[in-house]
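Below is the file query.cif, which contains mmCIF, C-alpha atoms.
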data_target
loop_
_atom_site.label_atom_id
_atom_site.label_comp_id
_atom_site.auth_asym_id
_atom_site.auth_seq_id
_atom_site.Cartn_x
_atom_site.Cartn_y
_atom_site.Cartn_z
CA MET A 1 -11.72 7.70 -38.83
CA GLY A 2 -11.68 8.02 -35.04
CA THR A 3 -10.25 4.51 -34.64
CA SER A 4 -7.56 5.27 -37.20
CA LEU A 5 -6.59 8.45 -35.38
CA LEU A 6 -6.41 6.62 -32.05
CA TRP A 7 -4.33 3.89 -33.67
CA ILE A 8 -1.92 6.39 -35.20
CA ALA A 9 -1.70 8.37 -31.95
CA GLY A 10 -0.94 5.15 -30.06
CA ILE A 11 1.80 4.12 -32.47
CA ALA A 12 3.23 7.65 -32.42
CA LEU A 13 3.38 7.75 -28.61
CA GLU A 14 4.90 4.26 -28.45
CA SER A 15 7.49 5.35 -31.00
CA VAL A 16 8.35 8.38 -28.87
CA ILE A 17 8.83 6.19 -25.78
CA LEU A 18 10.96 3.69 -27.71
CA PHE A 19 13.04 6.51 -29.16
CA ARG A 20 13.64 7.94 -25.67
CA PHE A 21 14.53 4.46 -24.41
CA LEU A 22 17.12 4.05 -27.14
CA ARG A 23 18.48 7.57 -26.86
CA HIS A 24 18.91 7.49 -23.07
CA ARG A 25 19.75 3.78 -22.87
CA LEU A 26 16.75 3.23 -20.62
CA TYR A 27 16.47 -0.31 -22.00
CA ALA A 28 19.48 -1.24 -19.89
CA HIS A 29 17.56 -0.24 -16.76
CA TYR A 30 14.09 -1.46 -17.73
CA PRO A 31 14.64 -4.32 -20.22
CA PHE A 32 11.28 -6.03 -19.64
CA PHE A 33 9.30 -2.86 -20.12
CA PHE A 34 11.31 -2.14 -23.27
CA ALA A 35 10.55 -5.67 -24.56
CA TYR A 36 6.86 -5.14 -23.70
CA LEU A 37 6.74 -1.92 -25.71
CA VAL A 38 8.60 -3.49 -28.64
CA VAL A 39 6.07 -6.35 -28.69
CA VAL A 40 3.08 -3.98 -28.51
CA TRP A 41 4.52 -1.56 -31.08
CA SER A 42 5.46 -4.30 -33.59
CA LEU A 43 2.08 -5.99 -33.29
CA GLU A 44 0.21 -2.73 -33.77
CA ILE A 45 2.20 -1.90 -36.88
CA ALA A 46 1.74 -5.43 -38.23
CA LEU A 47 -1.99 -5.45 -37.51
CA TRP A 48 -2.71 -2.07 -39.04
CA PRO A 49 -2.93 -3.35 -42.66
CA VAL A 50 -5.05 -6.32 -41.50
CA TYR A 51 -7.48 -3.96 -39.78
CA ARG A 52 -7.58 -1.64 -42.78
CA TYR A 53 -7.79 -4.13 -45.68
CA HIS A 54 -8.87 -7.49 -44.24
CA PHE A 55 -11.17 -6.66 -41.35
CA ALA A 56 -12.84 -10.11 -41.39
CA SER A 57 -9.75 -11.84 -40.06
CA TYR A 58 -8.77 -8.97 -37.76
CA SER A 59 -10.58 -10.24 -34.66
CA ARG A 60 -8.61 -13.51 -34.69
CA PHE A 61 -5.33 -11.58 -34.81
CA PHE A 62 -6.63 -9.13 -32.23
CA TRP A 63 -6.98 -11.80 -29.54
CA ALA A 64 -3.56 -13.25 -30.40
CA ASP A 65 -2.18 -9.73 -30.02
CA GLN A 66 -3.94 -9.34 -26.68
CA PHE A 67 -2.54 -12.63 -25.45
CA LEU A 68 1.05 -11.66 -26.33
CA ASN A 69 0.42 -8.28 -24.76
CA LEU A 70 -0.73 -10.04 -21.57
CA LEU A 71 2.32 -12.25 -21.36
CA ALA A 72 4.64 -9.29 -21.93
CA GLY A 73 2.68 -7.47 -19.21
CA PHE A 74 3.74 -10.13 -16.71
CA GLY A 75 7.34 -9.40 -17.64
CA VAL A 76 6.69 -5.77 -16.71
CA LEU A 77 5.29 -6.91 -13.35
CA PHE A 78 8.46 -8.90 -12.76
CA GLU A 79 10.47 -5.77 -13.59
CA ILE A 80 8.43 -3.68 -11.16
CA VAL A 81 9.17 -6.11 -8.33
CA ARG A 82 12.84 -6.47 -9.30
CA LYS A 83 13.49 -2.73 -9.47
CA SER A 84 11.20 -1.45 -6.68
CA PHE A 85 12.72 -3.62 -3.97
CA GLN A 86 16.27 -3.75 -5.31
CA ARG A 87 17.67 -1.91 -2.30
CA TYR A 88 15.21 -3.33 0.24
CA PRO A 89 15.99 -7.04 0.72
CA GLY A 90 13.41 -7.50 3.47
CA ALA A 91 10.55 -5.98 1.49
CA ARG A 92 11.70 -7.88 -1.62
CA THR A 93 11.28 -11.21 0.18
CA PHE A 94 7.71 -10.21 0.94
CA ALA A 95 6.92 -9.00 -2.58
CA ILE A 96 8.44 -12.06 -4.27
CA THR A 97 6.12 -14.25 -2.19
CA VAL A 98 3.13 -12.27 -3.47
CA VAL A 99 4.21 -12.43 -7.12
CA THR A 100 5.17 -16.13 -6.94
CA ALA A 101 1.78 -16.99 -5.49
CA MET A 102 0.06 -15.01 -8.26
CA LEU A 103 2.15 -16.70 -10.97
CA ALA A 104 1.30 -20.11 -9.51
CA ILE A 105 -2.39 -19.19 -9.69
CA LEU A 106 -1.89 -17.98 -13.27
CA CYS A 107 -0.19 -21.23 -14.33
CA GLY A 108 -2.93 -23.29 -12.72
CA TYR A 109 -5.58 -21.19 -14.40
CA PHE A 110 -3.77 -21.45 -17.74
CA VAL A 111 -3.81 -25.25 -17.57
CA PHE A 112 -7.42 -25.33 -16.40
CA ARG A 113 -8.86 -22.83 -18.83
CA LEU A 114 -6.73 -22.16 -21.90
CA LEU A 115 -5.84 -25.62 -23.17
CA PRO A 116 -9.31 -26.82 -24.17
CA LEU A 117 -10.17 -23.44 -25.69
CA SER A 118 -10.22 -22.64 -29.38
CA VAL A 119 -8.38 -19.45 -30.37
CA SER A 120 -11.26 -18.41 -32.61
CA ASP A 121 -13.67 -18.45 -29.70
CA HIS A 122 -13.75 -14.69 -29.14
CA GLU A 123 -16.15 -14.66 -26.25
CA GLY A 124 -14.15 -17.30 -24.41
CA PHE A 125 -10.93 -15.45 -25.12
CA SER A 126 -12.47 -12.17 -24.02
CA ASP A 127 -13.36 -13.75 -20.66
CA LEU A 128 -9.90 -15.27 -20.50
CA GLU A 129 -8.31 -11.88 -21.10
CA ARG A 130 -10.43 -10.37 -18.33
CA ASP A 131 -9.42 -13.17 -15.95
CA PHE A 132 -5.73 -12.83 -16.80
CA ARG A 133 -5.95 -9.07 -16.39
CA THR A 134 -7.57 -9.66 -13.02
CA ILE A 135 -4.61 -11.79 -11.95
CA GLN A 136 -2.33 -9.00 -13.20
CA ALA A 137 -4.39 -6.47 -11.26
CA LEU A 138 -4.26 -8.54 -8.07
CA THR A 139 -0.50 -8.98 -8.43
CA LEU A 140 -0.11 -5.25 -8.96
CA CYS A 141 -2.35 -4.61 -5.94
CA GLY A 142 -0.14 -6.90 -3.85
CA VAL A 143 3.01 -5.09 -5.01
CA LEU A 144 1.40 -1.69 -4.34
CA VAL A 145 0.36 -2.80 -0.84
CA VAL A 146 3.94 -3.88 -0.09
CA ILE A 147 5.30 -0.60 -1.51
CA SER A 148 2.81 1.41 0.55
CA TYR A 149 3.32 -0.63 3.74
CA TYR A 150 7.11 -0.28 3.64
CA ARG A 151 6.75 3.25 2.23
CA ILE A 152 9.34 2.61 -0.44
CA GLU A 153 10.43 5.32 -2.84
CA VAL A 154 10.30 3.84 -6.34
CA GLY A 155 11.39 6.85 -8.39
CA ARG A 156 9.66 8.67 -11.25
CA ASN A 157 10.34 6.04 -13.95
CA LEU A 158 9.07 3.06 -12.04
CA PHE A 159 6.11 4.92 -10.64
CA GLY A 160 5.15 5.89 -14.19
CA ILE A 161 5.38 2.26 -15.33
CA ILE A 162 3.21 1.16 -12.38
CA ALA A 163 0.66 3.95 -12.87
CA GLY A 164 0.35 3.42 -16.63
CA LEU A 165 0.04 -0.36 -16.36
CA GLY A 166 -2.36 -0.10 -13.41
CA LEU A 167 -4.59 2.37 -15.21
CA TYR A 168 -4.70 0.24 -18.34
CA VAL A 169 -5.28 -3.05 -16.50
CA GLY A 170 -7.92 -1.51 -14.20
CA SER A 171 -9.85 0.10 -17.05
CA THR A 172 -9.66 -3.11 -19.13
CA ILE A 173 -11.23 -5.16 -16.34
CA LEU A 174 -13.91 -2.51 -15.77
CA SER A 175 -14.86 -2.25 -19.43
CA HIS A 176 -14.75 -6.06 -19.99
CA GLU A 177 -17.02 -6.74 -17.06
CA LEU A 178 -19.44 -3.94 -17.87
CA LYS A 179 -19.55 -5.10 -21.48
CA SER A 180 -20.48 -8.64 -20.51
CA TYR A 181 -23.02 -7.39 -17.96
CA VAL A 182 -24.69 -4.58 -19.92
CA GLY A 183 -24.47 -6.30 -23.32
CA PRO A 184 -24.36 -4.72 -26.80
CA ALA A 185 -25.57 -1.38 -25.38
CA PHE A 186 -22.12 -0.98 -23.85
CA ASN A 187 -20.30 -1.44 -27.18
CA SER A 188 -20.03 2.29 -27.89
CA ALA A 189 -18.63 2.97 -24.40
CA TRP A 190 -16.27 -0.01 -24.78
CA GLY A 191 -14.96 1.55 -27.98
CA VAL A 192 -14.06 4.67 -26.00
CA ILE A 193 -12.89 3.46 -22.56
CA GLN A 194 -10.23 0.97 -23.67
CA PRO A 195 -8.40 2.98 -26.36
CA TYR A 196 -8.53 6.22 -24.37
CA ALA A 197 -7.34 4.52 -21.18
CA TYR A 198 -4.45 3.04 -23.15
CA LEU A 199 -3.70 6.44 -24.68
CA LEU A 200 -3.66 7.96 -21.19
CA SER A 201 -1.27 5.22 -20.04
CA LEU A 202 1.00 6.01 -22.99
CA ILE A 203 0.97 9.72 -22.09
CA ILE A 204 1.91 8.82 -18.49
CA TRP A 205 4.77 6.68 -19.81
CA VAL A 206 5.99 9.42 -22.16
CA LEU A 207 6.06 11.96 -19.32
CA THR A 208 7.60 9.72 -16.66
CA LEU A 209 10.07 7.87 -18.88
CA TRP A 210 11.40 10.89 -20.74
CA SER A 211 14.76 10.43 -19.03
CA TYR A 212 16.33 8.13 -16.47
CA ALA A 213 15.13 9.03 -12.96
CA PRO A 214 15.75 6.21 -10.47
CA ALA A 215 14.74 6.22 -6.81
CA ALA A 216 17.16 7.81 -4.39
CA ALA A 217 19.30 5.26 -2.57
CA PRO A 218 17.92 4.67 0.95
CA GLU A 219 20.01 5.72 3.91
CA MET A 220 21.25 2.59 5.58
CA PRO A 221 20.66 2.57 9.33
CA PRO A 222 24.03 2.30 11.03
CA GLU A 223 23.30 -0.80 13.12
CA ILE A 224 21.54 -2.93 10.50
CA ASP A 225 22.69 -6.51 10.85
CA ASP A 226 21.03 -9.90 10.70
CA GLY A 227 19.32 -9.59 14.06
CA TYR A 228 15.88 -9.62 12.46
CA GLU A 229 14.43 -12.33 14.70
CA ALA A 230 15.17 -10.43 17.91
CA PHE A 231 14.02 -7.14 16.40
CA ALA A 232 10.74 -8.60 15.11
CA ARG A 233 10.12 -10.40 18.43
CA GLN A 234 10.47 -7.12 20.29
CA THR A 235 8.06 -5.32 17.97
CA GLN A 236 5.60 -8.21 18.18
CA HIS A 237 5.77 -8.19 21.97
CA THR A 238 5.23 -4.43 22.12
CA LEU A 239 2.37 -4.65 19.68
CA GLY A 240 0.78 -7.51 21.65
CA THR A 241 0.81 -5.45 24.83
CA MET A 242 -0.68 -2.42 23.07
CA LYS A 243 -3.32 -4.63 21.48
CA ALA A 244 -4.25 -6.05 24.86
CA ALA A 245 -4.58 -2.51 26.19
CA VAL A 246 -6.92 -1.46 23.42
CA SER A 247 -8.88 -4.74 23.58
CA LYS A 248 -9.59 -4.20 27.23
CA ALA A 249 -10.75 -0.70 26.51
CA ASP A 250 -12.92 -2.06 23.72
CA ARG A 251 -14.72 -4.54 25.98
CA PRO A 252 -16.31 -2.75 28.90
CA MET B 1 -24.28 -9.69 -10.34
CA MET B 2 -21.83 -11.14 -7.79
CA GLN B 3 -19.25 -11.60 -10.54
CA LEU B 4 -19.71 -7.98 -11.61
CA VAL B 5 -19.18 -6.78 -8.04
CA ILE B 6 -15.99 -8.87 -7.62
CA PHE B 7 -14.39 -7.69 -10.87
CA LEU B 8 -15.41 -4.09 -10.30
CA ALA B 9 -13.98 -4.29 -6.78
CA VAL B 10 -10.64 -5.54 -8.15
CA ALA B 11 -10.49 -2.79 -10.79
CA VAL B 12 -11.57 0.01 -8.46
CA GLY B 13 -9.29 -1.36 -5.70
CA LEU B 14 -6.31 -1.21 -8.05
CA LEU B 15 -7.08 2.38 -9.05
CA VAL B 16 -7.57 3.41 -5.39
CA LEU B 17 -4.28 1.74 -4.40
CA LEU B 18 -2.56 3.64 -7.22
CA LEU B 19 -3.92 6.92 -5.89
CA MET B 20 -2.88 5.99 -2.35
CA ALA B 21 0.63 5.07 -3.47
CA MET B 22 0.85 8.38 -5.32
CA ARG B 23 -0.05 10.35 -2.19
CA ARG B 24 2.10 8.37 0.26
CA GLN B 25 5.38 9.94 1.27
CA PRO B 26 8.33 7.54 1.22
CA LEU B 27 9.84 6.69 4.57
CA HIS B 28 13.52 7.16 5.08
CA ALA B 29 15.48 4.75 7.22
CA ALA B 30 15.05 5.47 10.93
CA GLY B 31 18.42 4.50 12.17
CA SER B 32 20.44 7.58 12.85
CA ALA B 33 21.38 8.18 16.48
CA GLY B 34 19.58 11.55 16.47
CA GLU B 35 16.30 10.02 15.30
CA LEU B 36 16.43 7.21 17.81
CA VAL B 37 17.18 9.60 20.65
CA THR B 38 14.31 11.87 19.53
CA ALA B 39 11.99 8.85 19.44
CA LYS B 40 13.12 7.85 22.90
CA ARG B 41 12.51 11.33 24.25
CA THR B 42 9.05 11.41 22.66
CA LEU B 43 8.27 8.12 24.35
CA GLU B 44 9.51 9.39 27.68
CA SER B 45 7.35 12.49 27.42
CA LEU B 46 4.37 10.26 26.62
CA GLN B 47 5.18 7.96 29.51
CA LEU B 48 5.36 10.84 31.93
CA GLY B 49 2.81 13.19 30.38
CA LEU B 50 0.09 11.36 28.51
CA LEU B 51 -0.21 7.80 29.72
CA PRO B 52 0.13 7.78 33.51
CA ALA B 53 -2.65 5.73 35.08
CA GLU B 54 -3.81 8.70 37.17
CA LEU B 55 -4.28 10.86 34.08
CA VAL B 56 -6.16 8.14 32.19
CA ASP B 57 -8.30 7.57 35.26
CA GLN B 58 -8.94 11.31 35.45
CA ILE B 59 -10.04 11.49 31.78
CA PHE B 60 -12.20 8.37 31.64
CA GLY B 61 -13.23 8.00 35.27
CA GLU B 62 -16.63 9.34 36.37
CA ARG B 63 -15.27 11.20 39.37
CA ASP B 64 -15.35 14.60 37.64
CA LEU B 65 -18.80 13.93 36.22
CA THR B 66 -20.09 13.08 39.68
CA TYR B 67 -18.70 16.37 40.97
CA VAL B 68 -20.23 18.36 38.08
CA ALA B 69 -23.57 16.62 38.69
CA THR B 70 -23.62 17.95 42.26
CA ILE B 71 -23.73 21.54 40.90
CA GLY B 72 -27.11 20.71 39.39
CA SER B 73 -26.79 22.76 36.21
CA ASN B 74 -27.65 20.98 32.99
CA GLU B 75 -25.80 23.58 30.93
CA ILE B 76 -22.55 23.00 32.83
CA ARG B 77 -23.03 19.24 32.65
CA THR B 78 -23.51 19.35 28.86
CA LEU B 79 -20.50 21.62 28.44
CA PHE B 80 -18.42 19.33 30.64
CA LEU B 81 -19.42 16.21 28.68
CA SER B 82 -18.57 17.80 25.34
CA GLU B 83 -15.18 18.96 26.64
CA ARG B 84 -14.46 15.55 28.14
CA LYS B 85 -15.36 13.87 24.87
CA ARG B 86 -12.94 16.12 23.05
CA LEU B 87 -10.22 15.27 25.54
CA ALA B 88 -10.87 11.51 25.25
CA LEU B 89 -10.70 11.74 21.45
CA THR B 90 -7.40 13.57 21.67
CA TRP B 91 -6.08 10.81 23.92
CA ILE B 92 -7.05 8.10 21.40
CA ARG B 93 -5.49 10.10 18.56
CA ARG B 94 -2.22 10.21 20.45
CA VAL B 95 -2.32 6.44 21.05
CA ARG B 96 -2.89 5.91 17.30
CA LYS B 97 0.02 8.17 16.56
CA GLN B 98 2.20 6.02 18.82
CA VAL B 99 1.14 2.86 16.99
CA ARG B 100 2.04 4.52 13.71
CA THR B 101 5.40 5.67 15.09
CA LEU B 102 6.16 2.13 16.20
CA LYS B 103 5.12 0.80 12.80
CA ASP B 104 7.29 3.35 10.99
CA PHE B 105 10.25 2.38 13.17
CA HIS B 106 9.69 -1.27 12.49
CA VAL B 107 9.19 -1.09 8.71
CA SER B 108 11.98 1.39 8.12
CA ARG B 109 14.38 -1.18 9.51
CA SER B 110 12.77 -4.55 8.75
CA ARG B 111 12.66 -3.78 5.01
CA MET B 112 16.45 -3.81 5.07
CA PHE B 113 16.91 -7.19 6.78
CA THR B 114 18.11 -9.87 4.40
CA GLN B 115 16.88 -12.69 6.64
CA MET B 116 13.39 -11.35 7.19
CA SER B 117 10.79 -13.93 8.17
CA ARG B 118 7.84 -13.37 5.85
CA TRP B 119 5.35 -15.11 8.17
CA ARG B 120 6.37 -13.10 11.19
CA GLU B 121 6.31 -9.95 9.09
CA MET B 122 2.86 -10.84 7.77
CA SER B 123 1.61 -11.44 11.29
CA LEU B 124 3.08 -8.10 12.41
CA ALA B 125 1.48 -6.30 9.48
CA LEU B 126 -1.89 -7.79 10.42
CA ASP B 127 -1.34 -6.85 14.06
CA PHE B 128 -0.56 -3.25 13.12
CA ALA B 129 -3.62 -3.11 10.89
CA GLY B 130 -5.76 -4.69 13.63
CA LEU B 131 -4.55 -2.28 16.27
CA GLU B 132 -5.11 0.66 13.97
CA ALA B 133 -8.63 -0.59 13.26
CA ARG B 134 -9.36 -1.08 16.98
CA CYS B 135 -8.20 2.45 17.71
CA ARG B 136 -10.48 3.67 14.92
CA VAL B 137 -13.43 1.77 16.35
CA LEU B 138 -12.73 3.21 19.79
CA GLN B 139 -12.54 6.65 18.28
CA LEU B 140 -15.92 6.13 16.63
CA LEU B 141 -17.40 4.82 19.88
CA LEU B 142 -16.20 7.90 21.68
CA LEU B 143 -17.43 10.11 18.88
CA TRP B 144 -20.95 8.74 18.83
CA ARG B 145 -21.39 7.96 22.49
CA ARG B 146 -20.56 9.69 25.75
CA PRO B 147 -16.97 9.48 27.00
CA TYR B 148 -18.30 7.37 29.89
CA ALA B 149 -20.13 4.86 27.72
CA ALA B 150 -17.69 2.12 28.76
CA PRO B 151 -17.28 2.38 32.54
CA ASP B 152 -14.33 0.02 32.81
CA PHE B 153 -12.53 1.69 29.93
CA ALA B 154 -10.42 3.99 32.06
CA ARG B 155 -9.52 1.50 34.78
CA ARG B 156 -8.40 -1.19 32.37
CA THR B 157 -6.55 1.20 30.09
CA ALA B 158 -4.82 2.77 33.07
CA ALA B 159 -3.71 -0.65 34.26
CA THR B 160 -2.23 -1.56 30.89
CA ALA B 161 -1.02 1.86 29.71
CA GLY B 162 2.04 1.75 31.96
CA ARG B 163 2.93 -1.72 30.70
CA VAL B 164 2.52 -0.62 27.06
CA CYS B 165 4.80 2.30 27.60
CA SER B 166 7.49 0.38 29.42
CA THR B 167 7.48 -2.27 26.67
CA LEU B 168 7.78 0.44 24.04
CA ASP B 169 10.64 1.82 26.05
CA GLN B 170 12.32 -1.61 26.11
CA SER B 171 11.80 -1.92 22.38
CA LEU B 172 13.44 1.42 21.70
CA ALA B 173 16.24 0.58 24.11
CA PHE B 174 16.83 -2.54 22.02
CA LEU B 175 16.85 -0.43 18.90
CA THR B 176 19.54 1.79 20.34
CA PRO B 177 22.00 -0.56 21.97
CA SER B 178 24.87 1.79 21.38
CA ILE B 179 23.12 4.91 22.72
CA PRO B 180 23.08 5.15 26.50
CA VAL B 181 19.83 6.43 28.02
CA SER B 182 21.72 9.21 29.75
CA LEU B 183 22.78 10.53 26.35
CA GLY B 184 19.11 10.92 25.40
CA SER B 185 18.57 13.33 28.27
CA GLU B 186 21.60 15.32 27.26
CA SER B 187 20.39 15.86 23.71
CA ASP B 188 19.15 19.06 22.19
CA ALA B 189 15.46 19.69 21.66
CA ASP B 190 15.77 18.87 17.95
CA GLY B 191 17.12 15.44 18.82
CA SER B 192 20.72 16.06 17.88
CA VAL B 193 23.15 14.27 20.15
CA VAL B 194 25.27 16.38 22.43
#
Once more with this new file: its structure as structure tokens, please.
Amino acid sequence: MGTSLLWIAGIALESVILFRFLRHRLYAHYPFFFAYLVVVWSLEIALWPVYRYHFASYSRFFWADQFLNLLAGFGVLFEIVRKSFQRYPGARTFAITVVTAMLAILCGYFVFRLLPLSVSDHEGFSDLERDFRTIQALTLCGVLVVISYYRIEVGRNLFGIIAGLGLYVGSTILSHELKSYVGPAFNSAWGVIQPYAYLLSLIIWVLTLWSYAPAAAPEMPPEIDDGYEAFARQTQHTLGTMKAAVSKADRP
Amino acid sequence: MMQLVIFLAVAVGLLVLLLMAMRRQPLHAAGSAGELVTAKRTLESLQLGLLPAELVDQIFGERDLTYVATIGSNEIRTLFLSERKRLALTWIRRVRKQVRTLKDFHVSRSRMFTQMSRWREMSLALDFAGLEARCRVLQLLLLWRRPYAAPDFARRTAATAGRVCSTLDQSLAFLTPSIPVSLGSESDADGSVV
């Protein structure tokens, strides 16, 4: 009963978000997130009868669903990078490096781990999901570090997407790892953490994506040109001198 | 167990970063003439008021302690040491604030450069983080030990403080090629250009 309620609540919240996306044409601004939600929503609706009337084959579909969900999640990450640093070319260069490196690791891992694996091997797939989520989490961490370092305003919509995805990915890794460490005793907690974390993410998305709210355009400094090298050299020189000052103080 | 720690660290790290990003105020571009002049004036006041070698020598040198010791009162000596510690901590806090100001100036502009060098930027980011960490360590040292725990601290800092400030000054002068220094001194207190 509880699972059914959670399922229905999830589908209802996803439907609300999709409706708002269509009504306010948010899909034009966040196409990858829209595609992600369409994938998740369609799969949940399609899997509902399987769960209800043919539970034996549900687990096989469940992992396929999780895999598609994961891939669509990487699209959302791409969207986060694309939109967050749209007006900050310097910071974007930095963030793209982080995401490209993470995607290269993901591709390597995919070749190394997924190909020899059977889809029906739930335990193996569960570990694989955790590992993929970890790569997602590390990519998101990298993007968040760049956003925090450059103190970039991302706007309500994008921040909601980041917060919802981060919460879901973080809680998934936590519950996966605790489940494999604690064993069957953790099953009841697992049944609570994952669906409720996802429900919380959906609530965050409903609240933050209710209407289009982009980040304010940054004020452009008047003398910005392509003199980065000279500018960075000056900062580096200043920093080096300050570092030397503190180092000397550090070593009596 | 190690695997558990690594995965938990990733998950918790992500959630902590989310909270940090939520709390962090966005930085607007520091490029207007008023802001640059204000920054320059702040630096000048630091150069003349906070970082002169004599002042640093006065705070961290043992001359005052030697004088207080001649009075022969333990109570006065203890009071003096606690006050001096407070003063030294304030000095470090101000230095940290300067590092942060410099960082804010740098990132508010470098994030806009189309031809940014990612390696140089990475190295700068690490330098900023390193300097911030060093200042923190110094702060802790001063907090847990006497202000005179490192005898050469004052002399060496005094010798380099002037250089640090003049380099900062050069850096800001580079940032404001179109704003003459004389204009800075003719600005209002709020930094608006006269």
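Of the listed residues (A:Ser211, A:Ser175, A:Gln194, A:Ser148), A:Ser148 comes nearest to chain B; the distances count all atoms listed in the file.
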Please list as a short mmCIF file (atom, residue, chain, number, x, y, z; two decimals) with C-alpha atoms, in the frame of the given file every residue within 9 Å of Ser82 in chain B, counting all atoms listed in the file and excluding residues in the same chain fewer than 5 positions away.
data_model
loop_
_atom_site.label_atom_id
_atom_site.label_comp_id
_atom_site.auth_asym_id
_atom_site.auth_seq_id
_atom_site.Cartn_x
_atom_site.Cartn_y
_atom_site.Cartn_z
CA ARG B 77 -23.03 19.24 32.65
CA LEU B 87 -10.22 15.27 25.54
CA ARG B 146 -20.56 9.69 25.75
CA PRO B 147 -16.97 9.48 27.00
#
Residues selected by the PyMOL selection byres ((chain B and resi 8) around 12), written as a VMD selection string | (chain A and resid 130 134 137 169 to 179 181) or (chain B and resid 1 to 7 9 to 16)
Quick one: residues within 9 Å of Glu132 in chain B, all atoms listed in the file counted, chain neighbours fewer than 6 positions away excluded, as a PyMOL selection string?
-> chain B and resi 96+99-100
Given the PyMOL selection byres ((chain A and resi 77-94) around 6) and the file above, list the residues it selects as a CSV table (one decimal) with C-alpha atoms, keeping the file's coordinate frame.
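File written: out06.csv
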chain,number,residue,atom,x,y,z
A,74,PHE,CA,3.7,-10.1,-16.7
A,75,GLY,CA,7.3,-9.4,-17.6
A,76,VAL,CA,6.7,-5.8,-16.7
A,95,ALA,CA,6.9,-9.0,-2.6
A,96,ILE,CA,8.4,-12.1,-4.3
A,97,THR,CA,6.1,-14.2,-2.2
A,154,VAL,CA,10.3,3.8,-6.3
B,111,ARG,CA,12.7,-3.8,5.0
B,112,MET,CA,16.4,-3.8,5.1
B,113,PHE,CA,16.9,-7.2,6.8
B,114,THR,CA,18.1,-9.9,4.4
B,116,MET,CA,13.4,-11.4,7.2
B,118,ARG,CA,7.8,-13.4,5.8
Run the PyMOL selection byres ((chain A and resi 5-22) around 12) mentally over the shown coordinates, then write out the matched residues as a PyMOL selection string, using the chain letters and numbers from the document.
-> chain A and resi 1-4+23-49+51-52+157+161+191-212
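Point (5.6, 2.2, 6.8) has the following residues at most 8 Å away: Ser148, Tyr149, Tyr150 and Arg151 of chain A; Leu27, Lys103, Asp104, Phe105, His106, Val107 and Ser108 of chain B (atoms considered: only C-alpha atoms).
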Please produce a file of those selected residues containing C-alpha atoms, as a CSV table (one decimal), keeping the file's coordinate frame.
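Below is the file again_36.csv, written as the result:
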chain,number,residue,atom,x,y,z
A,148,SER,CA,2.8,1.4,0.6
A,149,TYR,CA,3.3,-0.6,3.7
A,150,TYR,CA,7.1,-0.3,3.6
A,151,ARG,CA,6.8,3.2,2.2
B,27,LEU,CA,9.8,6.7,4.6
B,103,LYS,CA,5.1,0.8,12.8
B,104,ASP,CA,7.3,3.4,11.0
B,105,PHE,CA,10.2,2.4,13.2
B,106,HIS,CA,9.7,-1.3,12.5
B,107,VAL,CA,9.2,-1.1,8.7
B,108,SER,CA,12.0,1.4,8.1
Nearest to chain A, chosen from B:Leu55, B:Ile71, B:Leu89, B:Leu18, with all atoms listed in the file counted in the distances =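 Distance minimum relative to chain A lands on B:Leu18.
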Restricted to N, CA and C atoms, what does range 55-64 of chain A look like when written out as a PDB file, in the first residue's frame?
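After the write, part05.pdb holds the following:
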ATOM      1  N   PHE A  55       5.050  -9.263 -10.728  1.00  0.00           N
ATOM      2  CA  PHE A  55       6.156  -8.803  -9.882  1.00  0.00           C
ATOM      3  C   PHE A  55       7.452  -9.582 -10.147  1.00  0.00           C
ATOM      4  N   ALA A  56       7.312 -10.864 -10.552  1.00  0.00           N
ATOM      5  CA  ALA A  56       8.493 -11.711 -10.763  1.00  0.00           C
ATOM      6  C   ALA A  56       9.464 -11.104 -11.778  1.00  0.00           C
ATOM      7  N   SER A  57       8.919 -10.515 -12.814  1.00  0.00           N
ATOM      8  CA  SER A  57       9.813  -9.961 -13.843  1.00  0.00           C
ATOM      9  C   SER A  57      10.100  -8.468 -13.618  1.00  0.00           C
ATOM     10  N   TYR A  58       9.593  -7.934 -12.511  1.00  0.00           N
ATOM     11  CA  TYR A  58       9.750  -6.493 -12.272  1.00  0.00           C
ATOM     12  C   TYR A  58      11.211  -6.086 -12.087  1.00  0.00           C
ATOM     13  N   SER A  59      11.952  -6.916 -11.318  1.00  0.00           N
ATOM     14  CA  SER A  59      13.327  -6.511 -10.977  1.00  0.00           C
ATOM     15  C   SER A  59      14.188  -6.329 -12.232  1.00  0.00           C
ATOM     16  N   ARG A  60      13.950  -7.193 -13.242  1.00  0.00           N
ATOM     17  CA  ARG A  60      14.729  -7.069 -14.480  1.00  0.00           C
ATOM     18  C   ARG A  60      14.435  -5.727 -15.158  1.00  0.00           C
ATOM     19  N   PHE A  61      13.168  -5.367 -15.190  1.00  0.00           N
ATOM     20  CA  PHE A  61      12.774  -4.072 -15.780  1.00  0.00           C
ATOM     21  C   PHE A  61      13.268  -2.903 -14.931  1.00  0.00           C
ATOM     22  N   PHE A  62      13.278  -3.146 -13.607  1.00  0.00           N
ATOM     23  CA  PHE A  62      13.687  -2.084 -12.692  1.00  0.00           C
ATOM     24  C   PHE A  62      15.110  -1.617 -13.012  1.00  0.00           C
ATOM     25  N   TRP A  63      16.026  -2.581 -13.209  1.00  0.00           N
ATOM     26  CA  TRP A  63      17.416  -2.185 -13.458  1.00  0.00           C
ATOM     27  C   TRP A  63      17.579  -1.539 -14.827  1.00  0.00           C
ATOM     28  N   ALA A  64      16.758  -1.989 -15.796  1.00  0.00           N
ATOM     29  CA  ALA A  64      16.787  -1.343 -17.119  1.00  0.00           C
ATOM     30  C   ALA A  64      16.324   0.105 -16.976  1.00  0.00           C
TER      31      ALA A  64
END
